[in-house]
$ cat upload.pdb   # PDB, C-alpha atoms, pLDDT in the B column
ATOM      1  CA  MET M   9     112.119 150.556  80.416  1.00 46.00           C
ATOM      2  CA  ARG M  10     110.407 149.757  77.112  1.00 64.00           C
ATOM      3  CA  ASP M  11     108.533 146.585  78.034  1.00 80.00           C
ATOM      4  CA  PRO M  12     106.681 145.364  81.137  1.00 83.00           C
ATOM      5  CA  LEU M  13     107.799 142.283  82.996  1.00 89.00           C
ATOM      6  CA  PRO M  14     106.375 138.923  81.823  1.00 91.00           C
ATOM      7  CA  GLY M  15     102.639 138.694  82.281  1.00 90.00           C
ATOM      8  CA  ALA M  16     102.519 142.288  83.567  1.00 91.00           C
ATOM      9  CA  VAL M  17     103.711 141.353  87.042  1.00 94.00           C
ATOM     10  CA  GLY M  18     105.346 143.752  89.486  1.00 94.00           C
ATOM     11  CA  VAL M  19     108.561 143.107  91.405  1.00 95.00           C
ATOM     12  CA  SER M  20     110.115 144.712  94.472  1.00 96.00           C
ATOM     13  CA  LYS M  21     112.689 143.898  97.134  1.00 97.00           C
ATOM     14  CA  LEU M  22     111.363 143.917 100.702  1.00 98.00           C
ATOM     15  CA  SER M  23     113.389 144.270 103.906  1.00 98.00           C
ATOM     16  CA  VAL M  24     110.844 143.301 106.561  1.00 98.00           C
ATOM     17  CA  TYR M  25     110.393 145.552 109.590  1.00 98.00           C
ATOM     18  CA  ASP M  26     112.239 144.207 112.625  1.00 97.00           C
ATOM     19  CA  THR M  27     110.609 146.229 115.402  1.00 98.00           C
ATOM     20  CA  VAL M  28     108.280 144.784 118.017  1.00 98.00           C
ATOM     21  CA  THR M  29     104.500 144.715 117.596  1.00 97.00           C
ATOM     22  CA  PRO M  30     101.840 144.801 120.353  1.00 96.00           C
ATOM     23  CA  ASP M  31     101.778 140.993 120.625  1.00 97.00           C
ATOM     24  CA  GLY M  32     105.548 140.762 121.097  1.00 98.00           C
ATOM     25  CA  LEU M  33     106.444 139.646 117.572  1.00 98.00           C
ATOM     26  CA  HIS M  34     108.585 141.559 115.090  1.00 98.00           C
ATOM     27  CA  GLY M  35     107.494 142.298 111.562  1.00 98.00           C
ATOM     28  CA  GLY M  36     105.032 143.880 109.175  1.00 98.00           C
ATOM     29  CA  THR M  37     101.451 144.970 108.762  1.00 98.00           C
ATOM     30  CA  PRO M  38      98.658 142.402 108.233  1.00 98.00           C
ATOM     31  CA  HIS M  39      96.605 143.126 105.115  1.00 98.00           C
ATOM     32  CA  LEU M  40      94.915 141.524 102.119  1.00 98.00           C
ATOM     33  CA  HIS M  41      94.678 142.205  98.396  1.00 98.00           C
ATOM     34  CA  LEU M  42      91.306 142.303  96.684  1.00 98.00           C
ATOM     35  CA  CYS M  43      92.415 141.412  93.125  1.00 97.00           C
ATOM     36  CA  CYS M  44      96.090 140.461  93.182  1.00 97.00           C
ATOM     37  CA  THR M  45      97.919 137.201  93.789  1.00 97.00           C
ATOM     38  CA  GLU M  46     101.217 137.736  95.616  1.00 98.00           C
ATOM     39  CA  ALA M  47     104.360 135.587  95.763  1.00 98.00           C
ATOM     40  CA  TYR M  48     107.345 135.676  98.126  1.00 98.00           C
ATOM     41  CA  VAL M  49     110.814 134.467  97.158  1.00 98.00           C
ATOM     42  CA  VAL M  50     112.902 134.500 100.344  1.00 98.00           C
ATOM     43  CA  THR M  51     116.458 135.693  99.732  1.00 98.00           C
ATOM     44  CA  ALA M  52     117.843 136.215 103.256  1.00 98.00           C
ATOM     45  CA  GLY M  53     117.042 135.746 106.939  1.00 98.00           C
ATOM     46  CA  THR M  54     114.279 133.745 108.559  1.00 98.00           C
ATOM     47  CA  GLY M  55     110.743 134.278 109.729  1.00 98.00           C
ATOM     48  CA  LYS M  56     107.156 133.284 109.200  1.00 98.00           C
ATOM     49  CA  VAL M  57     104.096 134.472 107.386  1.00 98.00           C
ATOM     50  CA  GLN M  58     100.805 134.182 109.243  1.00 98.00           C
ATOM     51  CA  THR M  59      97.818 133.801 106.922  1.00 98.00           C
ATOM     52  CA  LEU M  60      94.060 133.854 107.327  1.00 98.00           C
ATOM     53  CA  SER M  61      92.101 132.720 104.266  1.00 97.00           C
ATOM     54  CA  GLY M  62      88.620 131.627 103.335  1.00 95.00           C
ATOM     55  CA  GLN M  63      89.629 128.064 102.452  1.00 95.00           C
ATOM     56  CA  ASP M  64      92.484 127.327 104.854  1.00 96.00           C
ATOM     57  CA  GLY M  65      91.676 129.419 107.914  1.00 96.00           C
ATOM     58  CA  TYR M  66      94.632 130.454 110.066  1.00 97.00           C
ATOM     59  CA  GLN M  67      98.056 129.056 109.181  1.00 98.00           C
ATOM     60  CA  GLU M  68     101.730 129.787 109.803  1.00 98.00           C
ATOM     61  CA  HIS M  69     104.394 129.161 107.158  1.00 98.00           C
ATOM     62  CA  ASP M  70     108.146 129.093 107.789  1.00 98.00           C
ATOM     63  CA  LEU M  71     110.297 131.369 105.659  1.00 98.00           C
ATOM     64  CA  ARG M  72     113.990 130.786 104.953  1.00 98.00           C
ATOM     65  CA  PRO M  73     116.254 131.453 101.963  1.00 98.00           C
ATOM     66  CA  GLY M  74     115.067 129.601  98.878  1.00 97.00           C
ATOM     67  CA  ALA M  75     111.459 129.256 100.025  1.00 98.00           C
ATOM     68  CA  VAL M  76     108.684 130.369  97.672  1.00 98.00           C
ATOM     69  CA  LEU M  77     105.158 131.000  98.920  1.00 98.00           C
ATOM     70  CA  TRP M  78     102.183 132.572  97.152  1.00 98.00           C
ATOM     71  CA  PHE M  79      98.562 133.290  97.963  1.00 98.00           C
ATOM     72  CA  THR M  80      95.429 134.451  96.196  1.00 98.00           C
ATOM     73  CA  PRO M  81      93.252 137.550  96.723  1.00 98.00           C
ATOM     74  CA  GLY M  82      91.450 137.625 100.048  1.00 98.00           C
ATOM     75  CA  THR M  83      94.278 135.981 101.984  1.00 98.00           C
ATOM     76  CA  ILE M  84      95.204 138.103 104.984  1.00 98.00           C
ATOM     77  CA  HIS M  85      98.961 137.873 105.462  1.00 98.00           C
ATOM     78  CA  ARG M  86     101.348 139.079 108.123  1.00 98.00           C
ATOM     79  CA  LEU M  87     105.134 138.791 107.915  1.00 98.00           C
ATOM     80  CA  VAL M  88     107.023 137.929 111.112  1.00 98.00           C
ATOM     81  CA  ASN M  89     110.756 138.663 111.111  1.00 98.00           C
ATOM     82  CA  HIS M  90     113.011 136.336 113.119  1.00 98.00           C
ATOM     83  CA  GLY M  91     116.116 138.099 111.860  1.00 98.00           C
ATOM     84  CA  GLY M  92     117.329 139.706 108.631  1.00 98.00           C
ATOM     85  CA  LEU M  93     114.272 138.671 106.605  1.00 98.00           C
ATOM     86  CA  GLU M  94     114.500 139.861 102.998  1.00 98.00           C
ATOM     87  CA  ILE M  95     112.104 138.884 100.234  1.00 98.00           C
ATOM     88  CA  THR M  96     111.670 139.445  96.526  1.00 98.00           C
ATOM     89  CA  VAL M  97     107.961 140.157  96.078  1.00 98.00           C
ATOM     90  CA  LEU M  98     106.081 139.364  92.869  1.00 97.00           C
ATOM     91  CA  MET M  99     102.612 140.822  92.369  1.00 96.00           C
ATOM     92  CA  SER M 100     100.094 140.061  89.651  1.00 96.00           C
ATOM     93  CA  ASN M 101      98.330 142.954  87.914  1.00 94.00           C
ATOM     94  CA  SER M 102     101.228 145.394  88.152  1.00 91.00           C
ATOM     95  CA  GLY M 103      99.826 148.811  89.008  1.00 90.00           C
ATOM     96  CA  LEU M 104      96.812 147.615  90.994  1.00 94.00           C
ATOM     97  CA  PRO M 105      98.639 147.243  94.348  1.00 92.00           C
ATOM     98  CA  GLU M 106      99.943 150.808  93.949  1.00 90.00           C
ATOM     99  CA  ALA M 107      96.397 151.954  93.142  1.00 94.00           C
ATOM    100  CA  GLY M 108      94.985 150.819  96.481  1.00 95.00           C
ATOM    101  CA  ASP M 109      94.320 147.093  95.997  1.00 97.00           C
ATOM    102  CA  ALA M 110      95.471 146.363  99.579  1.00 98.00           C
ATOM    103  CA  VAL M 111      93.279 146.759 102.674  1.00 98.00           C
ATOM    104  CA  LEU M 112      94.938 146.794 106.078  1.00 98.00           C
ATOM    105  CA  THR M 113      93.269 144.786 108.835  1.00 98.00           C
ATOM    106  CA  PHE M 114      92.310 147.690 111.048  1.00 98.00           C
ATOM    107  CA  PRO M 115      89.422 147.007 113.446  1.00 98.00           C
ATOM    108  CA  LEU M 116      86.128 146.683 111.584  1.00 98.00           C
ATOM    109  CA  ASP M 117      84.740 149.989 112.840  1.00 98.00           C
ATOM    110  CA  VAL M 118      87.680 151.742 111.167  1.00 98.00           C
ATOM    111  CA  VAL M 119      87.440 149.817 107.873  1.00 98.00           C
ATOM    112  CA  ARG M 120      83.715 150.577 107.685  1.00 98.00           C
ATOM    113  CA  ASP M 121      84.399 154.331 107.909  1.00 98.00           C
ATOM    114  CA  PRO M 122      86.236 155.642 104.803  1.00 98.00           C
ATOM    115  CA  ASP M 123      87.406 158.817 106.529  1.00 98.00           C
ATOM    116  CA  ARG M 124      88.786 157.006 109.571  1.00 98.00           C
ATOM    117  CA  TYR M 125      90.434 154.403 107.364  1.00 98.00           C
ATOM    118  CA  ALA M 126      92.060 157.062 105.187  1.00 98.00           C
ATOM    119  CA  ALA M 127      93.423 158.846 108.257  1.00 98.00           C
ATOM    120  CA  ALA M 128      94.735 155.625 109.794  1.00 98.00           C
ATOM    121  CA  VAL M 129      96.435 154.352 106.624  1.00 97.00           C
ATOM    122  CA  ALA M 130      98.089 157.605 105.515  1.00 97.00           C
ATOM    123  CA  LEU M 131     101.874 158.060 105.659  1.00 96.00           C
ATOM    124  CA  PRO M 132     103.722 161.403 105.529  1.00 94.00           C
ATOM    125  CA  ASP M 133     104.745 162.171 101.942  1.00 94.00           C
ATOM    126  CA  GLY M 134     103.244 158.837 100.915  1.00 92.00           C
ATOM    127  CA  GLY M 135     106.047 156.932 102.633  1.00 95.00           C
ATOM    128  CA  ALA M 136     108.769 158.299 100.347  1.00 95.00           C
ATOM    129  CA  PRO M 137     112.365 157.299 101.176  1.00 94.00           C
ATOM    130  CA  GLY M 138     113.631 159.129 104.239  1.00 93.00           C
ATOM    131  CA  THR M 139     110.165 159.499 105.775  1.00 93.00           C
ATOM    132  CA  ASP M 140     109.909 159.038 109.539  1.00 94.00           C
ATOM    133  CA  VAL M 141     108.911 155.405 110.057  1.00 96.00           C
ATOM    134  CA  THR M 142     106.942 156.115 113.248  1.00 96.00           C
ATOM    135  CA  THR M 143     103.625 156.478 111.410  1.00 96.00           C
ATOM    136  CA  ALA M 144     104.192 153.188 109.553  1.00 97.00           C
ATOM    137  CA  TYR M 145     104.691 151.426 112.887  1.00 98.00           C
ATOM    138  CA  ARG M 146     101.564 153.048 114.310  1.00 97.00           C
ATOM    139  CA  ARG M 147      99.333 151.850 111.479  1.00 98.00           C
ATOM    140  CA  ARG M 148     100.969 148.400 111.614  1.00 98.00           C
ATOM    141  CA  ASP M 149     100.170 148.078 115.300  1.00 98.00           C
ATOM    142  CA  LEU M 150      96.538 149.059 114.709  1.00 98.00           C
ATOM    143  CA  ALA M 151      96.313 146.434 111.945  1.00 98.00           C
ATOM    144  CA  VAL M 152      97.798 143.790 114.265  1.00 98.00           C
ATOM    145  CA  GLN M 153      95.040 144.608 116.753  1.00 98.00           C
ATOM    146  CA  GLY M 154      92.402 144.152 114.047  1.00 98.00           C
ATOM    147  CA  PHE M 155      94.046 140.937 112.839  1.00 98.00           C
ATOM    148  CA  HIS M 156      93.690 139.352 116.270  1.00 98.00           C
ATOM    149  CA  GLU M 157      90.077 140.525 116.489  1.00 97.00           C
ATOM    150  CA  LEU M 158      89.333 138.840 113.144  1.00 97.00           C
ATOM    151  CA  ARG M 159      90.798 135.575 114.380  1.00 95.00           C
ATOM    152  CA  LYS M 160      89.015 135.743 117.717  1.00 96.00           C
ATOM    153  CA  ASN M 161      85.608 136.731 116.355  1.00 95.00           C
ATOM    154  CA  ASP M 162      85.686 134.609 113.178  1.00 93.00           C
ATOM    155  CA  SER M 163      84.589 137.711 111.267  1.00 93.00           C
ATOM    156  CA  LEU M 164      86.429 137.276 107.972  1.00 97.00           C
ATOM    157  CA  ASP M 165      83.280 137.634 105.850  1.00 97.00           C
ATOM    158  CA  GLU M 166      82.411 140.874 107.640  1.00 97.00           C
ATOM    159  CA  PHE M 167      85.882 142.171 106.862  1.00 98.00           C
ATOM    160  CA  TYR M 168      85.563 141.173 103.199  1.00 98.00           C
ATOM    161  CA  ASN M 169      82.283 143.078 102.904  1.00 98.00           C
ATOM    162  CA  ALA M 170      83.713 146.163 104.570  1.00 98.00           C
ATOM    163  CA  ALA M 171      86.833 146.039 102.380  1.00 98.00           C
ATOM    164  CA  MET M 172      84.772 145.792  99.171  1.00 98.00           C
ATOM    165  CA  LYS M 173      82.611 148.772 100.133  1.00 98.00           C
ATOM    166  CA  LEU M 174      85.687 150.773 101.072  1.00 98.00           C
ATOM    167  CA  LYS M 175      87.232 150.353  97.619  1.00 98.00           C
ATOM    168  CA  GLN M 176      84.138 150.808  95.447  1.00 98.00           C
ATOM    169  CA  PRO M 177      85.183 154.293  94.231  1.00 97.00           C
ATOM    170  CA  LEU M 178      88.437 152.872  92.817  1.00 97.00           C
ATOM    171  CA  LEU M 179      87.158 149.859  90.912  1.00 98.00           C
ATOM    172  CA  GLU M 180      86.671 151.437  87.476  1.00 97.00           C
ATOM    173  CA  GLY M 181      90.236 152.738  87.609  1.00 97.00           C
ATOM    174  CA  TRP M 182      91.425 149.240  88.485  1.00 97.00           C
ATOM    175  CA  ARG M 183      89.594 147.838  85.468  1.00 97.00           C
ATOM    176  CA  GLU M 184      91.424 150.288  83.202  1.00 96.00           C
ATOM    177  CA  ARG M 185      94.812 149.331  84.676  1.00 94.00           C
ATOM    178  CA  TRP M 186      94.033 145.641  84.235  1.00 96.00           C
ATOM    179  CA  GLU M 187      93.005 146.181  80.613  1.00 96.00           C
ATOM    180  CA  ARG M 188      96.255 148.042  79.874  1.00 93.00           C
ATOM    181  CA  GLY M 189      98.372 145.506  81.779  1.00 93.00           C
ATOM    182  CA  ALA M 190      97.567 141.880  82.531  1.00 95.00           C
ATOM    183  CA  ARG M 191      94.716 141.562  80.040  1.00 96.00           C
ATOM    184  CA  ARG M 192      96.750 143.122  77.253  1.00 95.00           C
ATOM    185  CA  ALA M 193      99.683 140.816  78.028  1.00 94.00           C
ATOM    186  CA  ALA M 194      97.454 137.727  77.784  1.00 96.00           C
ATOM    187  CA  GLU M 195      95.895 138.938  74.548  1.00 97.00           C
ATOM    188  CA  GLN M 196      99.344 139.549  73.053  1.00 95.00           C
ATOM    189  CA  THR M 197     100.242 135.921  73.754  1.00 96.00           C
ATOM    190  CA  GLY M 198      97.071 134.820  71.978  1.00 97.00           C
ATOM    191  CA  ALA M 199      97.956 136.971  68.981  1.00 98.00           C
ATOM    192  CA  GLN M 200     101.489 135.545  68.916  1.00 98.00           C
ATOM    193  CA  ILE M 201     100.191 131.961  68.954  1.00 98.00           C
ATOM    194  CA  ALA M 202      97.837 132.811  66.096  1.00 98.00           C
ATOM    195  CA  ALA M 203     100.737 134.334  64.154  1.00 98.00           C
ATOM    196  CA  LEU M 204     102.850 131.210  64.628  1.00 98.00           C
ATOM    197  CA  ILE M 205      99.988 129.028  63.417  1.00 98.00           C
ATOM    198  CA  ASP M 206      99.919 131.232  60.299  1.00 98.00           C
ATOM    199  CA  ASN M 207     103.709 130.947  59.892  1.00 98.00           C
ATOM    200  CA  ASP M 208     104.103 134.684  60.552  1.00 98.00           C
ATOM    201  CA  PRO M 209     107.357 135.478  62.449  1.00 97.00           C
ATOM    202  CA  GLY M 210     106.731 139.209  62.661  1.00 97.00           C
ATOM    203  CA  HIS M 211     106.760 139.499  66.433  1.00 96.00           C
ATOM    204  CA  LEU M 212     110.013 137.504  66.582  1.00 97.00           C
ATOM    205  CA  ARG M 213     111.703 140.122  64.394  1.00 96.00           C
ATOM    206  CA  GLU M 214     110.647 142.756  66.943  1.00 94.00           C
ATOM    207  CA  SER M 215     112.468 141.004  69.812  1.00 95.00           C
ATOM    208  CA  ARG M 216     114.555 143.189  72.148  1.00 93.00           C
ATOM    209  CA  VAL M 217     116.074 143.349  75.612  1.00 93.00           C
ATOM    210  CA  SER M 218     115.156 145.630  78.528  1.00 89.00           C
ATOM    211  CA  ALA M 219     117.101 146.045  81.765  1.00 90.00           C
ATOM    212  CA  LYS M 220     117.038 147.805  85.116  1.00 89.00           C
ATOM    213  CA  PRO M 221     120.572 147.985  86.566  1.00 92.00           C
ATOM    214  CA  VAL M 222     119.324 149.330  89.912  1.00 94.00           C
ATOM    215  CA  PRO M 223     115.942 149.980  91.576  1.00 95.00           C
ATOM    216  CA  ASP M 224     114.215 153.228  90.700  1.00 93.00           C
ATOM    217  CA  GLU M 225     113.692 153.909  94.393  1.00 95.00           C
ATOM    218  CA  ARG M 226     115.214 152.531  97.571  1.00 96.00           C
ATOM    219  CA  GLY M 227     113.752 152.487 101.068  1.00 96.00           C
ATOM    220  CA  ARG M 228     110.113 153.433 100.496  1.00 95.00           C
ATOM    221  CA  LEU M 229     107.943 152.687 103.530  1.00 96.00           C
ATOM    222  CA  GLY M 230     105.737 149.722 102.716  1.00 96.00           C
ATOM    223  CA  MET M 231     103.176 147.814 104.715  1.00 96.00           C
ATOM    224  CA  CYS M 232     105.607 145.067 105.684  1.00 97.00           C
ATOM    225  CA  GLY M 233     108.961 146.830 105.539  1.00 97.00           C
ATOM    226  CA  LEU M 234     111.285 148.966 103.435  1.00 97.00           C
ATOM    227  CA  LEU M 235     110.801 148.562  99.687  1.00 97.00           C
ATOM    228  CA  ASP M 236     113.221 148.888  96.799  1.00 96.00           C
ATOM    229  CA  THR M 237     110.900 149.421  93.849  1.00 94.00           C
ATOM    230  CA  TYR M 238     111.073 149.228  90.060  1.00 90.00           C
ATOM    231  CA  ARG M 239     108.886 151.131  87.598  1.00 84.00           C
ATOM    232  CA  TYR M 240     107.858 149.714  84.226  1.00 73.00           C
ATOM    233  CA  ASP M 241     105.514 152.347  82.829  1.00 63.00           C
TER
END
$ encode --input "upload.pdb" --output "structure tokens"
Amino acid sequence: MRDPLPGAVGVSKLSVYDTVTPDGLHGGTPHLHLCCTEAYVVTAGTGKVQTLSGQDGYQEHDLRPGAVLWFTPGTIHRLVNHGGLEITVLMSNSGLPEAGDAVLTFPLDVVRDPDRYAAAVALPDGGAPGTDVTTAYRRRDLAVQGFHELRKNDSLDEFYNAAMKLKQPLLEGWRERWERGARRAAEQTGAQIAALIDNDPGHLRESRVSAKPVPDERGRLGMCGLLDTYRYD
């Protein structure tokens, strides 16, 4: 793959977990992203996404084929699967989610302790295809517990503070990824506009096509389900 996707976004196909959680629902792991906006394009099945955000509080949104929903950093989101729910996921800042941008909604005492958080979030072999899914369900269920505590205790700001402290060691690496990805993509557009103003078609002569006939990896354990992933670097 010679070129990144437009705007340096990331794309993956998600088959949402369909096993039962401690509150009797079926679905994925509640979590938030600290720097990335995420979008869902529903391609099959039905369900809901439960969200908890600073501006809108708690909400539920129906998901069915053709629906598109997106949310900004800081929005806690939990996918609920009513049957066969499949989603194409678009993420801003490609590379940041893979570098730890997400924080699962474990109880606050876990999120405040880096060692306990690391132990709770870890998957065997990083969740590679074929990995036993039991550990993914265990961490999901712990995050569901924390999600309900956040709603009950109205402690979203406390969670934000704990999440920021947890990720401090990674932030300089995130800045470098952003500079190589989304920032570079925006700056290239600015340079292209300037070239057009100057009647310079150079970048048009460099046009080309890139393609991915199949995902690079199928069935990786994700937070919300099984992921078919594509690499662009």
$ atom_distance --input "upload.pdb" --atom1 "atom CA of Gln176 of chain M" --atom2 "atom CA of Asp109 of chain M"
10.9 Å
$ resolve_selection --input "upload.pdb" --expression "the PyMOL selection byres ((chain M and resi 164) around 10)" --output "compact mmCIF listing (two decimals) with C-alpha atoms, in the frame of the given file"
# COMPACT_ATOMS: atom_id res chain seq x y z
CA LEU M 60 94.06 133.85 107.33
CA SER M 61 92.10 132.72 104.27
CA GLY M 62 88.62 131.63 103.34
CA GLY M 65 91.68 129.42 107.91
CA GLY M 82 91.45 137.62 100.05
CA THR M 83 94.28 135.98 101.98
CA ILE M 84 95.20 138.10 104.98
CA PHE M 155 94.05 140.94 112.84
CA GLU M 157 90.08 140.52 116.49
CA LEU M 158 89.33 138.84 113.14
CA ARG M 159 90.80 135.57 114.38
CA ASN M 161 85.61 136.73 116.36
CA ASP M 162 85.69 134.61 113.18
CA SER M 163 84.59 137.71 111.27
CA ASP M 165 83.28 137.63 105.85
CA GLU M 166 82.41 140.87 107.64
CA PHE M 167 85.88 142.17 106.86
CA TYR M 168 85.56 141.17 103.20
CA ASN M 169 82.28 143.08 102.90
CA ALA M 170 83.71 146.16 104.57
$ residues_near_point --input "upload.pdb" --point "(91.9, 144.9, 99.5)" --cutoff "12 Å" --atoms "only C-alpha atoms" --output "CSV table (one decimal) with C-alpha atoms, in the frame of the given file"
chain,number,residue,atom,x,y,z
M,38,PRO,CA,98.7,142.4,108.2
M,39,HIS,CA,96.6,143.1,105.1
M,40,LEU,CA,94.9,141.5,102.1
M,41,HIS,CA,94.7,142.2,98.4
M,42,LEU,CA,91.3,142.3,96.7
M,43,CYS,CA,92.4,141.4,93.1
M,44,CYS,CA,96.1,140.5,93.2
M,45,THR,CA,97.9,137.2,93.8
M,80,THR,CA,95.4,134.5,96.2
M,81,PRO,CA,93.3,137.6,96.7
M,82,GLY,CA,91.4,137.6,100.0
M,83,THR,CA,94.3,136.0,102.0
M,84,ILE,CA,95.2,138.1,105.0
M,85,HIS,CA,99.0,137.9,105.5
M,104,LEU,CA,96.8,147.6,91.0
M,105,PRO,CA,98.6,147.2,94.3
M,106,GLU,CA,99.9,150.8,93.9
M,107,ALA,CA,96.4,152.0,93.1
M,108,GLY,CA,95.0,150.8,96.5
M,109,ASP,CA,94.3,147.1,96.0
M,110,ALA,CA,95.5,146.4,99.6
M,111,VAL,CA,93.3,146.8,102.7
M,112,LEU,CA,94.9,146.8,106.1
M,113,THR,CA,93.3,144.8,108.8
M,114,PHE,CA,92.3,147.7,111.0
M,119,VAL,CA,87.4,149.8,107.9
M,167,PHE,CA,85.9,142.2,106.9
M,168,TYR,CA,85.6,141.2,103.2
M,169,ASN,CA,82.3,143.1,102.9
M,170,ALA,CA,83.7,146.2,104.6
M,171,ALA,CA,86.8,146.0,102.4
M,172,MET,CA,84.8,145.8,99.2
M,173,LYS,CA,82.6,148.8,100.1
M,174,LEU,CA,85.7,150.8,101.1
M,175,LYS,CA,87.2,150.4,97.6
M,176,GLN,CA,84.1,150.8,95.4
M,178,LEU,CA,88.4,152.9,92.8
M,179,LEU,CA,87.2,149.9,90.9
M,182,TRP,CA,91.4,149.2,88.5
$ closest_residue --input "upload.pdb" --among "M:Asn89, M:Thr29, M:Ser20, M:Thr237" --to "Ala136 of chain M" --atoms "only C-alpha atoms"
M:Thr237
$ residues_around --input "upload.pdb" --residues "Arg239 of chain M" --least-positions-apart "5" --cutoff "9 Å" --atoms "all atoms listed in the file" --output "PyMOL selection string"
chain M and resi 9+12+18-19+223-225
$ atom_distance --input "upload.pdb" --atom1 "atom CA of Asp70 of chain M" --atom2 "atom CA of Val88 of chain M"
9.5 Å
$ closest_residue --input "upload.pdb" --among "M:Glu214, M:Asp123, M:Glu184, M:Asp236" --to "Asn101 of chain M" --atoms "only C-alpha atoms"
M:Glu184
$ residues_around --input "upload.pdb" --residues "segment 193-195 of chain M" --least-positions-apart "2" --cutoff "10 Å" --atoms "all atoms listed in the file" --output "ChimeraX atom specification"
/M:12-17,186-191,197-201
$ resolve_selection --input "upload.pdb" --expression "the PyMOL selection byres ((chain M and resi 58) around 6)" --output "number ranges by chain"
M: 57, 59, 67-68, 85-86
$ residues_around --input "upload.pdb" --residues "Tyr48 of chain M" --least-positions-apart "4" --cutoff "10 Å" --atoms "all atoms listed in the file" --output "list in words"
Lys21, Leu22, Val57, Leu71, Gly74, Ala75, Val76, Leu77, Trp78, Phe79, Glu94, Ile95, Thr96, Val97, Leu98 and Met99 of chain M
$ atom_distance --input "upload.pdb" --atom1 "atom CA of Leu229 of chain M" --atom2 "atom CA of Arg146 of chain M"
12.5 Å
$ closest_residue --input "upload.pdb" --among "M:Val129, M:Arg185, M:Gly135, M:Glu46" --to "Arg147 of chain M" --atoms "all atoms listed in the file"
M:Val129
